[in-house]
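Undergrad: My structure is in data-v6.txt, and what it holds is compact mmCIF, C-alpha atoms:
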# COMPACT_ATOMS: atom_id res chain seq x y z
CA MET I 1 14.57 15.06 -27.62
CA ASN I 2 17.02 16.99 -25.46
CA ARG I 3 14.23 19.20 -24.22
CA ILE I 4 12.23 16.21 -23.03
CA VAL I 5 15.23 14.94 -21.08
CA TYR I 6 15.67 18.34 -19.39
CA VAL I 7 12.01 18.54 -18.47
CA PHE I 8 12.17 15.03 -17.06
CA LEU I 9 15.32 15.86 -15.06
CA GLY I 10 13.76 19.03 -13.76
CA ALA I 11 10.63 17.20 -12.69
CA THR I 12 12.73 14.58 -10.93
CA CYS I 13 14.61 17.28 -9.02
CA LEU I 14 11.38 18.96 -8.01
CA CYS I 15 9.93 15.70 -6.77
CA ALA I 16 13.10 14.95 -4.81
CA CYS I 17 12.93 18.39 -3.21
CA LYS I 18 9.31 17.95 -2.32
CA PHE I 19 9.80 14.62 -0.58
CA ASN I 20 13.01 15.49 1.26
CA GLY I 21 12.25 19.09 2.06
CA SER I 22 10.78 20.70 5.13
CA ASN I 23 7.24 20.11 3.88
CA LYS I 24 7.31 16.61 5.36
CA THR I 25 4.80 16.04 8.13
CA LEU I 26 4.64 13.04 10.41
CA PRO I 27 1.49 10.94 10.71
CA ILE I 28 -0.65 11.11 13.83
CA TYR I 29 -1.26 7.70 15.40
CA GLY I 30 -4.09 6.33 17.50
CA ASN I 31 -7.86 6.61 17.38
CA ARG I 32 -9.47 9.81 16.28
CA GLU I 33 -13.05 10.92 16.46
CA PRO I 34 -14.86 13.65 14.63
CA VAL I 35 -16.60 16.20 16.80
CA THR I 36 -19.37 18.26 15.33
CA LYS I 37 -20.25 21.58 16.84
CA THR I 38 -22.36 24.50 15.80
CA VAL I 39 -20.70 27.89 15.67
CA ASN I 40 -22.69 30.94 14.59
CA GLY I 41 -25.35 28.80 12.98
CA GLN I 42 -22.77 26.84 10.91
CA THR I 43 -21.98 23.21 11.53
CA LEU I 44 -18.21 22.56 11.85
CA THR I 45 -16.45 19.23 12.15
CA ASP I 46 -13.26 18.98 14.16
CA THR I 47 -11.04 15.97 14.78
CA ILE I 48 -10.05 14.93 18.29
CA TYR I 49 -6.81 12.92 18.28
CA ALA I 50 -5.77 10.32 20.83
CA THR I 51 -3.37 11.78 23.41
CA ILE I 52 -1.23 10.34 26.21
CA PRO I 53 -3.21 10.71 29.46
CA ALA I 54 -1.83 12.36 32.58
CA PHE I 55 0.55 10.27 34.70
CA LYS I 56 2.82 10.93 37.65
CA PHE I 57 5.75 8.69 38.52
CA VAL I 58 9.15 9.00 40.25
CA ASN I 59 12.39 9.63 38.36
CA GLN I 60 15.94 8.42 39.04
CA TYR I 61 16.60 11.36 41.39
CA GLY I 62 13.55 10.46 43.50
CA ASP I 63 11.58 13.46 42.16
CA SER I 64 7.95 13.24 41.20
CA THR I 65 7.89 13.40 37.41
CA GLY I 66 5.10 12.99 34.91
CA SER I 67 3.02 14.41 32.11
CA GLN I 68 3.17 17.86 33.73
CA ASN I 69 6.94 17.98 33.24
CA LEU I 70 6.48 16.91 29.63
CA ALA I 71 3.81 19.48 28.75
CA GLY I 72 4.81 21.41 25.64
CA LYS I 73 7.80 19.14 25.02
CA ILE I 74 8.66 16.61 22.35
CA TYR I 75 9.72 13.34 23.91
CA VAL I 76 10.74 9.78 23.13
CA ALA I 77 9.39 7.00 25.36
CA ASP I 78 10.58 3.43 25.76
CA PHE I 79 9.97 0.53 28.14
CA PHE I 80 12.83 -1.40 29.70
CA PHE I 81 14.18 -2.84 32.95
CA THR I 82 17.69 -2.53 34.32
CA SER I 83 18.34 -6.26 34.74
CA CYS I 84 17.16 -7.02 31.20
CA PRO I 85 19.53 -9.41 29.43
CA SER I 86 17.92 -9.40 25.98
CA ILE I 87 17.13 -6.32 23.88
CA CYS I 88 17.53 -3.54 26.47
CA PRO I 89 21.30 -3.05 26.17
CA ILE I 90 21.08 -2.52 22.42
CA MET I 91 18.01 -0.28 22.84
CA GLN I 92 19.74 1.92 25.39
CA ARG I 93 22.90 1.96 23.25
CA ASN I 94 20.79 3.33 20.40
CA MET I 95 18.89 5.68 22.72
CA LEU I 96 22.25 7.15 23.74
CA ALA I 97 22.52 8.45 20.18
CA VAL I 98 19.20 10.27 20.63
CA TYR I 99 20.38 11.54 24.03
CA ASN I 100 23.65 12.86 22.62
CA ALA I 101 21.83 14.58 19.76
CA PHE I 102 19.34 16.45 21.97
CA LYS I 103 20.75 16.60 25.51
CA ASP I 104 21.23 20.37 25.24
CA THR I 105 17.80 20.97 23.69
CA ALA I 106 15.35 22.04 26.40
CA ASP I 107 12.15 21.02 24.59
CA VAL I 108 13.25 17.45 23.73
CA LYS I 109 13.23 14.76 26.46
CA ILE I 110 13.65 11.01 26.76
CA VAL I 111 11.54 8.95 29.15
CA SER I 112 12.35 5.32 29.93
CA PHE I 113 9.64 3.57 31.93
CA THR I 114 10.75 0.54 33.92
CA ILE I 115 8.45 -2.46 33.58
CA ASP I 116 10.03 -4.04 36.67
CA PRO I 117 9.25 -1.35 39.31
CA LYS I 118 9.69 -3.83 42.16
CA TYR I 119 13.44 -4.10 41.51
CA ASP I 120 14.06 -0.81 39.67
CA THR I 121 13.77 1.68 42.52
CA PRO I 122 15.05 5.28 42.05
CA PRO I 123 18.52 4.45 43.50
CA VAL I 124 18.82 1.46 41.13
CA LEU I 125 17.70 3.64 38.21
CA LYS I 126 20.14 6.40 39.20
CA ASN I 127 23.02 3.96 39.36
CA TYR I 128 22.01 2.59 35.95
CA ALA I 129 21.75 6.08 34.42
CA GLU I 130 25.16 7.07 35.76
CA LYS I 131 26.80 3.95 34.42
CA LEU I 132 25.15 4.54 31.08
CA GLY I 133 26.70 8.02 31.13
CA VAL I 134 23.43 9.93 31.53
CA THR I 135 23.37 13.04 33.72
CA GLY I 136 21.05 16.02 34.08
CA ASN I 137 17.35 16.12 33.32
CA SER I 138 17.04 15.40 29.63
CA TRP I 139 16.61 11.62 30.09
CA TRP I 140 14.37 10.42 32.88
CA PHE I 141 14.11 6.82 34.09
CA LEU I 142 10.70 6.47 35.70
CA GLN I 143 9.40 4.06 38.30
CA GLY I 144 5.61 3.87 38.50
CA ASN I 145 2.84 1.59 39.59
CA ARG I 146 3.21 -1.60 37.57
CA ASP I 147 -0.37 -1.84 36.38
CA THR I 148 -0.48 1.82 35.40
CA VAL I 149 2.76 1.54 33.44
CA TYR I 150 1.56 -1.60 31.64
CA ARG I 151 -1.76 0.03 30.85
CA ILE I 152 -0.36 3.22 29.32
CA ALA I 153 2.28 1.16 27.47
CA GLU I 154 -0.32 -0.91 25.67
CA LYS I 155 -3.26 1.44 25.46
CA ASN I 156 -1.55 4.76 24.83
CA TYR I 157 2.03 4.19 23.62
CA LEU I 158 0.91 1.09 21.69
CA VAL I 159 3.81 -1.04 22.98
CA ALA I 160 3.16 -4.57 24.23
CA VAL I 161 4.70 -5.58 27.60
CA SER I 162 3.95 -8.45 29.93
CA LYS I 163 5.44 -10.52 32.70
CA ASP I 164 6.51 -13.98 31.55
CA SER I 165 8.68 -16.17 33.73
CA SER I 166 9.74 -18.25 30.71
CA ALA I 167 11.29 -15.26 28.90
CA ALA I 168 14.89 -14.21 29.49
CA GLY I 169 14.86 -11.85 32.48
CA GLY I 170 11.22 -12.59 33.26
CA TYR I 171 9.49 -10.10 30.96
CA VAL I 172 8.56 -9.87 27.30
CA HIS I 173 8.37 -6.45 25.78
CA GLN I 174 8.70 -4.76 22.44
CA GLY I 175 11.68 -2.55 21.79
CA TYR I 176 9.86 0.39 20.27
CA PHE I 177 10.87 4.01 20.71
CA VAL I 178 7.69 6.09 20.67
CA LEU I 179 7.80 9.71 19.53
CA VAL I 180 5.30 12.05 21.21
CA ASP I 181 4.68 15.63 20.09
CA LYS I 182 4.06 18.79 22.11
CA GLN I 183 0.30 18.10 21.99
CA LYS I 184 0.86 14.64 23.59
CA ARG I 185 0.01 12.80 20.37
CA VAL I 186 1.98 9.75 19.19
CA ARG I 187 3.75 10.71 15.95
CA GLY I 188 6.09 7.80 15.32
CA SER I 189 7.20 4.36 16.45
CA TYR I 190 10.70 3.03 15.75
CA ASP I 191 12.46 -0.27 16.33
CA GLY I 192 14.90 0.65 19.09
CA THR I 193 17.18 -2.26 18.21
CA ASP I 194 17.77 -0.99 14.66
CA PRO I 195 20.30 1.86 14.35
CA LYS I 196 18.83 2.89 10.97
CA GLN I 197 15.36 3.42 12.39
CA VAL I 198 16.86 5.30 15.32
CA ALA I 199 18.64 7.62 12.86
CA GLN I 200 15.23 8.18 11.24
CA LEU I 201 13.82 9.01 14.68
CA ILE I 202 16.49 11.68 15.18
CA ASP I 203 15.56 13.17 11.79
CA ASP I 204 11.86 13.06 12.64
CA ILE I 205 12.42 14.87 15.94
CA LYS I 206 14.01 17.69 13.92
CA THR I 207 10.98 17.68 11.59
CA LEU I 208 8.66 17.83 14.58
CA LYS I 209 10.62 20.70 16.13
CA ALA I 210 10.14 22.67 12.92
CA GLU I 211 6.40 21.98 12.85
CA PRO I 212 4.37 25.15 13.42
CA ALA I 213 2.36 25.20 16.62
CA MET I 214 -1.21 24.16 15.89
CA ALA I 215 -4.10 26.39 16.75
CA LYS I 216 -6.04 25.04 19.68
CA MET O 217 49.06 -38.10 -22.90
CA LYS O 218 51.97 -38.88 -20.63
CA ILE O 219 52.51 -35.18 -19.93
CA THR O 220 48.88 -34.69 -18.95
CA LEU O 221 49.06 -37.58 -16.51
CA ILE O 222 52.26 -36.25 -14.92
CA CYS O 223 50.74 -32.79 -14.64
CA SER O 224 47.62 -34.16 -12.98
CA ILE O 225 49.63 -36.13 -10.45
CA CYS O 226 51.75 -33.09 -9.67
CA ALA O 227 48.67 -30.94 -9.20
CA LEU O 228 47.11 -33.52 -6.89
CA LEU O 229 50.30 -33.70 -4.84
CA MET O 230 50.37 -29.91 -4.57
CA ILE O 231 46.80 -29.79 -3.32
CA LEU O 232 47.55 -32.50 -0.76
CA ILE O 233 50.62 -30.67 0.52
CA VAL O 234 48.85 -27.34 0.76
CA SER O 235 45.84 -28.79 2.56
CA CYS O 236 48.05 -30.63 5.05
CA GLU O 237 49.98 -27.50 5.84
CA SER O 238 46.87 -25.41 6.43
CA ASN O 239 44.86 -27.94 8.40
CA ASP O 240 45.36 -25.95 11.56
CA ALA O 241 44.52 -22.73 9.77
CA LEU O 242 41.37 -24.33 8.35
CA GLU O 243 40.33 -25.51 11.79
CA PHE O 244 40.86 -22.01 13.13
CA ASP O 245 38.81 -20.50 10.28
CA ARG O 246 35.97 -22.92 10.96
CA TYR O 247 35.93 -22.10 14.69
CA TYR O 248 36.18 -18.37 13.97
CA ALA O 249 33.35 -18.32 11.41
CA GLU O 250 31.01 -20.38 13.61
CA GLY O 251 32.02 -18.27 16.57
CA ASN O 252 31.06 -15.10 14.73
CA VAL O 253 27.50 -16.39 14.28
CA ILE O 254 27.24 -17.41 17.95
CA TYR O 255 28.63 -14.04 19.02
CA GLN O 256 25.94 -12.25 17.02
CA SER O 257 23.11 -14.25 18.55
CA HIS O 258 24.37 -14.56 22.14
CA CYS O 259 26.83 -11.76 22.93
CA GLN O 260 26.49 -8.83 20.54
CA ASN O 261 23.33 -7.26 22.03
CA CYS O 262 25.27 -6.39 25.16
CA HIS O 263 28.93 -6.35 24.16
CA GLY O 264 28.37 -4.62 20.82
CA ALA O 265 29.26 -5.37 17.20
CA HIS O 266 32.82 -4.16 17.81
CA GLY O 267 33.19 -5.55 21.34
CA GLU O 268 32.88 -2.01 22.67
CA GLY O 269 30.61 -2.84 25.65
CA LEU O 270 28.25 -0.18 27.00
CA ASN O 271 29.90 2.57 29.03
CA GLY O 272 29.97 1.62 32.73
CA LEU O 273 27.30 -1.07 32.43
CA ILE O 274 28.83 -3.72 30.19
CA PRO O 275 32.58 -4.28 29.91
CA PRO O 276 34.25 -4.12 26.49
CA LEU O 277 35.99 -7.18 25.04
CA THR O 278 38.92 -5.11 23.86
CA ASP O 279 41.05 -5.58 27.00
CA SER O 280 43.65 -8.05 25.67
CA VAL O 281 45.43 -8.19 29.02
CA PHE O 282 42.28 -9.23 30.90
CA LEU O 283 41.46 -11.92 28.33
CA LYS O 284 45.04 -13.25 28.32
CA ASN O 285 45.33 -13.33 32.12
CA ASN O 286 41.97 -15.06 32.51
CA ARG O 287 42.14 -17.40 29.52
CA ASP O 288 41.42 -20.52 31.60
CA GLN O 289 38.38 -18.82 33.23
CA LEU O 290 36.66 -17.61 30.05
CA ALA O 291 34.73 -20.83 29.37
CA CYS O 292 33.37 -20.80 32.93
CA LEU O 293 32.34 -17.13 32.61
CA VAL O 294 30.31 -17.89 29.48
CA HIS O 295 28.82 -21.13 30.82
CA ASN O 296 27.88 -19.94 34.33
CA GLY O 297 27.51 -16.20 33.83
CA LEU O 298 29.13 -13.70 36.13
CA HIS O 299 28.16 -12.11 39.44
CA GLY O 300 30.21 -9.63 41.38
CA LYS O 301 32.89 -7.14 40.48
CA ILE O 302 35.41 -7.42 37.68
CA THR O 303 37.93 -4.84 36.56
CA VAL O 304 38.34 -4.38 32.82
CA THR O 305 40.22 -1.55 31.11
CA LYS O 306 40.89 -0.15 34.62
CA LYS O 307 37.14 0.26 35.26
CA ASP O 308 35.02 -1.70 37.73
CA PHE O 309 31.91 -3.47 36.46
CA THR O 310 29.32 -4.88 38.86
CA GLU O 311 26.34 -5.83 36.67
CA LYS O 312 25.41 -9.47 36.26
CA MET O 313 26.18 -11.39 33.10
CA PRO O 314 23.57 -14.05 32.31
CA ALA O 315 24.75 -17.63 31.91
CA ALA O 316 24.75 -19.02 28.39
CA ALA O 317 23.71 -22.43 29.65
CA ASP O 318 22.20 -23.36 26.30
CA LEU O 319 25.59 -23.32 24.55
CA ALA O 320 27.37 -26.64 23.99
CA ASN O 321 31.08 -26.83 24.82
CA ILE O 322 32.01 -26.72 21.14
CA GLU O 323 29.93 -23.54 20.73
CA ILE O 324 31.62 -21.94 23.73
CA ALA O 325 34.97 -22.81 22.15
CA GLN O 326 33.91 -21.26 18.84
CA ALA O 327 32.58 -18.09 20.48
CA LEU O 328 35.77 -17.74 22.55
CA THR O 329 37.92 -18.26 19.45
CA TYR O 330 36.00 -15.43 17.79
CA VAL O 331 36.23 -13.04 20.75
CA THR O 332 39.87 -13.73 21.58
CA ASN O 333 40.88 -13.13 17.95
CA SER O 334 38.73 -10.06 17.24
CA PHE O 335 38.57 -6.51 18.59
CA GLY O 336 42.37 -6.25 18.72
CA ASN O 337 42.87 -9.63 20.43
CA LYS O 338 45.08 -12.36 18.97
CA MET O 339 45.18 -15.40 21.19
CA GLY O 340 44.86 -18.20 18.65
CA ILE O 341 42.31 -21.00 18.65
CA VAL O 342 40.45 -21.99 21.82
CA ASN O 343 39.50 -25.55 20.93
CA VAL O 344 36.85 -27.76 22.45
CA GLU O 345 39.41 -29.88 24.35
CA GLU O 346 40.64 -26.76 26.13
CA VAL O 347 37.06 -25.74 26.98
CA ASN O 348 36.22 -29.23 28.24
CA GLY O 349 39.25 -29.09 30.54
CA ASP O 350 38.49 -25.57 31.79
CA LEU O 351 34.81 -26.28 32.50
CA VAL O 352 35.70 -29.19 34.81
CA LYS O 353 37.67 -26.75 36.97
CA CYS O 354 34.96 -24.07 37.24
CA LEU O 355 34.74 -22.61 40.74
Please go through the file and, once you have read it, give me the structure as C-alpha cells.

TA:
Amino acid sequence: MNRIVYVFLGATCLCACKFNGSNKTLPIYGNREPVTKTVNGQTLTDTIYATIPAFKFVNQYGDSTGSQNLAGKIYVADFFFTSCPSICPIMQRNMLAVYNAFKDTADVKIVSFTIDPKYDTPPVLKNYAEKLGVTGNSWWFLQGNRDTVYRIAEKNYLVAVSKDSSAAGGYVHQGYFVLVDKQKRVRGSYDGTDPKQVAQLIDDIKTLKAEPAMAK
Amino acid sequence: MKITLICSICALLMILIVSCESNDALEFDRYYAEGNVIYQSHCQNCHGAHGEGLNGLIPPLTDSVFLKNNRDQLACLVHNGLHGKITVTKKDFTEKMPAAADLANIEIAQALTYVTNSFGNKMGIVNVEEVNGDLVKCL
C-alpha cells in the first residue's frame, strides 16, 4: 500500500515539474498555411505562420519607428489614446509593471499605438509618457495613419477598435496586451485590465526569451 | 413565565437603545458601503483600488489636506468633471477628469463618503443634504 502511495506521489511531482518547467511553449496565433516544396526529389511540407506586416510610424520623440526597430525583438503591443477615460488608465497602470520588469532588457519592448492620432501627436504622447514615468526607448508610443493602425489592430494583432461617438471618450477598443515574438508572430493575448493576466504575460515573456531561436 | 416576559421586555429595550445610539453610525455604514460600489464602477479605473492615482497623470486621493480644504467643492468636481490645473500632494496635475453626470446626488454623496473616509482620510459622512447644497453653488 505504502509503495503505491509513493509511486503516486512521485508521478504527481513529475507531472508538476513537466507543466511548470522550462519545457512550456507558447501557442502561435493566427492563420497558418502549409507549403509543400520538393527538395532533392523528396516532398516536404512546411508551415507558414501569420506574421505582423511591416509598418512605420512616429514615436513620442518624433522619430520614425516601426517594424524595423522591432526586428529580432520580443514586444508587447496595445491600443490606447491619451484622453481615454475608460479602460486606458488601468491598462497603462498594468503595463507599467511590464515596463518595470523589462526596461533594462534590450530585446524586450513595449509599443502602444494611439487610436486617436488626430489628437495624440508626438508632443502629446511625450508629455503623456513623461507623466506616466516612462523614459528611454523601451516603451514607444506610436502615432500612425488612422486607417493603417485600425487595420493592423484588427487584422494582425487581432484587437477590435473603432470610432464610436456614443462611447466614453469617442472610441471603443479592447484592452488586450498582445505578445509578439522575435519572428513577428503573435504568441499571446492578455486582458490588460486584469493584473493576474498581466503577471502571466510577464512570465510568458521570460518563457519566450528562453525559447531557442528557430531555424529559418 | 413572569421571568421570561421580563427578560423579553428587557432584551427588546436593549435592542431599541442600541439601535437608537448607532443610527448615525448605521447611516454612515450604509453610505460607505454603497459608496464603495460606486467608487469601483466610476472612479477606481483611474484613481486605483487604493486611491493611489497614476504617477503624474491622475492625482491620488490620499491627500487629506486637499480633500479637507476643498470639501465644499468635491461634489461639483465629481458632477462637472475637472479642467485645468490642480495641485495635489505638492504635484501639479493638468489632465481632464470626465464628469460623472450620470450619478444622482445621493450617489455622489455615497462616493464622497467612501473616498473621504478611505485611503487615510477621515472626514465623516458627506450626506445628500450637504451635496445638494454644494451643487447649487458650483462655479

Undergrad: What separation in Å, quoted to one decimal, exists between CA of Lys182 in chain I and CA of Val98 in chain I?

TA: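 Taking CA of Lys182 in chain I and CA of Val98 in chain I, their separation equals 17.4 Å.
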
Undergrad: So which residues touch Leu293 in chain O within 9 Å, counting only C-alpha atoms, skipping near sequence neighbours fewer than 2 positions away, as a short mmCIF file (atom, residue, chain, number, x, y, z; two decimals) with C-alpha atoms, in the coordinates of the input?

TA:
data_model
loop_
_atom_site.label_atom_id
_atom_site.label_comp_id
_atom_site.auth_asym_id
_atom_site.auth_seq_id
_atom_site.Cartn_x
_atom_site.Cartn_y
_atom_site.Cartn_z
CA GLN O 289 38.38 -18.82 33.23
CA LEU O 290 36.66 -17.61 30.05
CA ALA O 291 34.73 -20.83 29.37
CA HIS O 295 28.82 -21.13 30.82
CA ASN O 296 27.88 -19.94 34.33
CA GLY O 297 27.51 -16.20 33.83
CA LEU O 298 29.13 -13.70 36.13
CA MET O 313 26.18 -11.39 33.10
CA ALA O 315 24.75 -17.63 31.91
CA ALA O 316 24.75 -19.02 28.39
CA CYS O 354 34.96 -24.07 37.24
#

Undergrad: Considering all atoms listed in the file, give me a table of residues in chain O that are at most 12 Å from chain I, with the closest atom pair and distance in Å for each, as a Markdown table.

TA:
| residue | atom | partner | partner_atom | distance |
| --- | --- | --- | --- | --- |
| O:Ser257 | CA | I:Ser86 | CA | 10.3 |
| O:His258 | CA | I:Ser86 | CA | 9.1 |
| O:Cys259 | CA | I:Ser86 | CA | 9.7 |
| O:Gln260 | CA | I:Ile90 | CA | 8.5 |
| O:Asn261 | CA | I:Ile90 | CA | 5.3 |
| O:Cys262 | CA | I:Pro89 | CA | 5.3 |
| O:His263 | CA | I:Pro89 | CA | 8.6 |
| O:Gly264 | CA | I:Ile90 | CA | 7.8 |
| O:Ala265 | CA | I:Ile90 | CA | 10.1 |
| O:Glu268 | CA | I:Arg93 | CA | 10.8 |
| O:Gly269 | CA | I:Pro89 | CA | 9.3 |
| O:Leu270 | CA | I:Arg93 | CA | 6.9 |
| O:Asn271 | CA | I:Leu132 | CA | 5.5 |
| O:Gly272 | CA | I:Lys131 | CA | 4.3 |
| O:Leu273 | CA | I:Lys131 | CA | 5.4 |
| O:Ile274 | CA | I:Pro89 | CA | 8.6 |
| O:Pro275 | CA | I:Lys131 | CA | 11.0 |
| O:Gly297 | CA | I:Pro85 | CA | 11.4 |
| O:Lys307 | CA | I:Lys131 | CA | 11.0 |
| O:Asp308 | CA | I:Lys131 | CA | 10.5 |
| O:Phe309 | CA | I:Lys131 | CA | 9.2 |
| O:Thr310 | CA | I:Lys131 | CA | 10.2 |
| O:Glu311 | CA | I:Ser83 | CA | 8.2 |
| O:Lys312 | CA | I:Ser83 | CA | 7.9 |
| O:Met313 | CA | I:Pro85 | CA | 7.8 |
| O:Pro314 | CA | I:Pro85 | CA | 6.8 |
| O:Ala315 | CA | I:Pro85 | CA | 10.0 |
| O:Ala316 | CA | I:Pro85 | CA | 11.0 |

Undergrad: So how far away is CA of Asp107 in chain I from CA of Arg187 in chain I, in Å?

TA: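 Here the two named atoms are 15.9 Å from each other.
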
Undergrad: Record the distance separating CA of Lys73 in chain I and CA of Asp203 in chain I, expressed in Å with one decimal.

TA: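 About the pair CA of Lys73 in chain I and CA of Asp203 in chain I: they are 16.5 Å apart.
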
Undergrad: Excluding Val253 in chain O and residues on its chain fewer than 3 positions from it, collect all residues at most 12 Å away from it, counting only C-alpha atoms, and give them as a PyMOL selection string.

TA: chain O and resi 246-250+256-260+265+323-324+326-331

Undergrad: Using 5 Å of padding on each side, determine the axis-aligned box around all atoms of range 38-55 of chain I present in the file and give its centre and edge lengths in Å to one decimal, as AutoDock Vina command-line options.

TA:
--center_x -12.4 --center_y 20.6 --center_z 22.8 --size_x 35.9 --size_y 30.7 --size_z 33.8
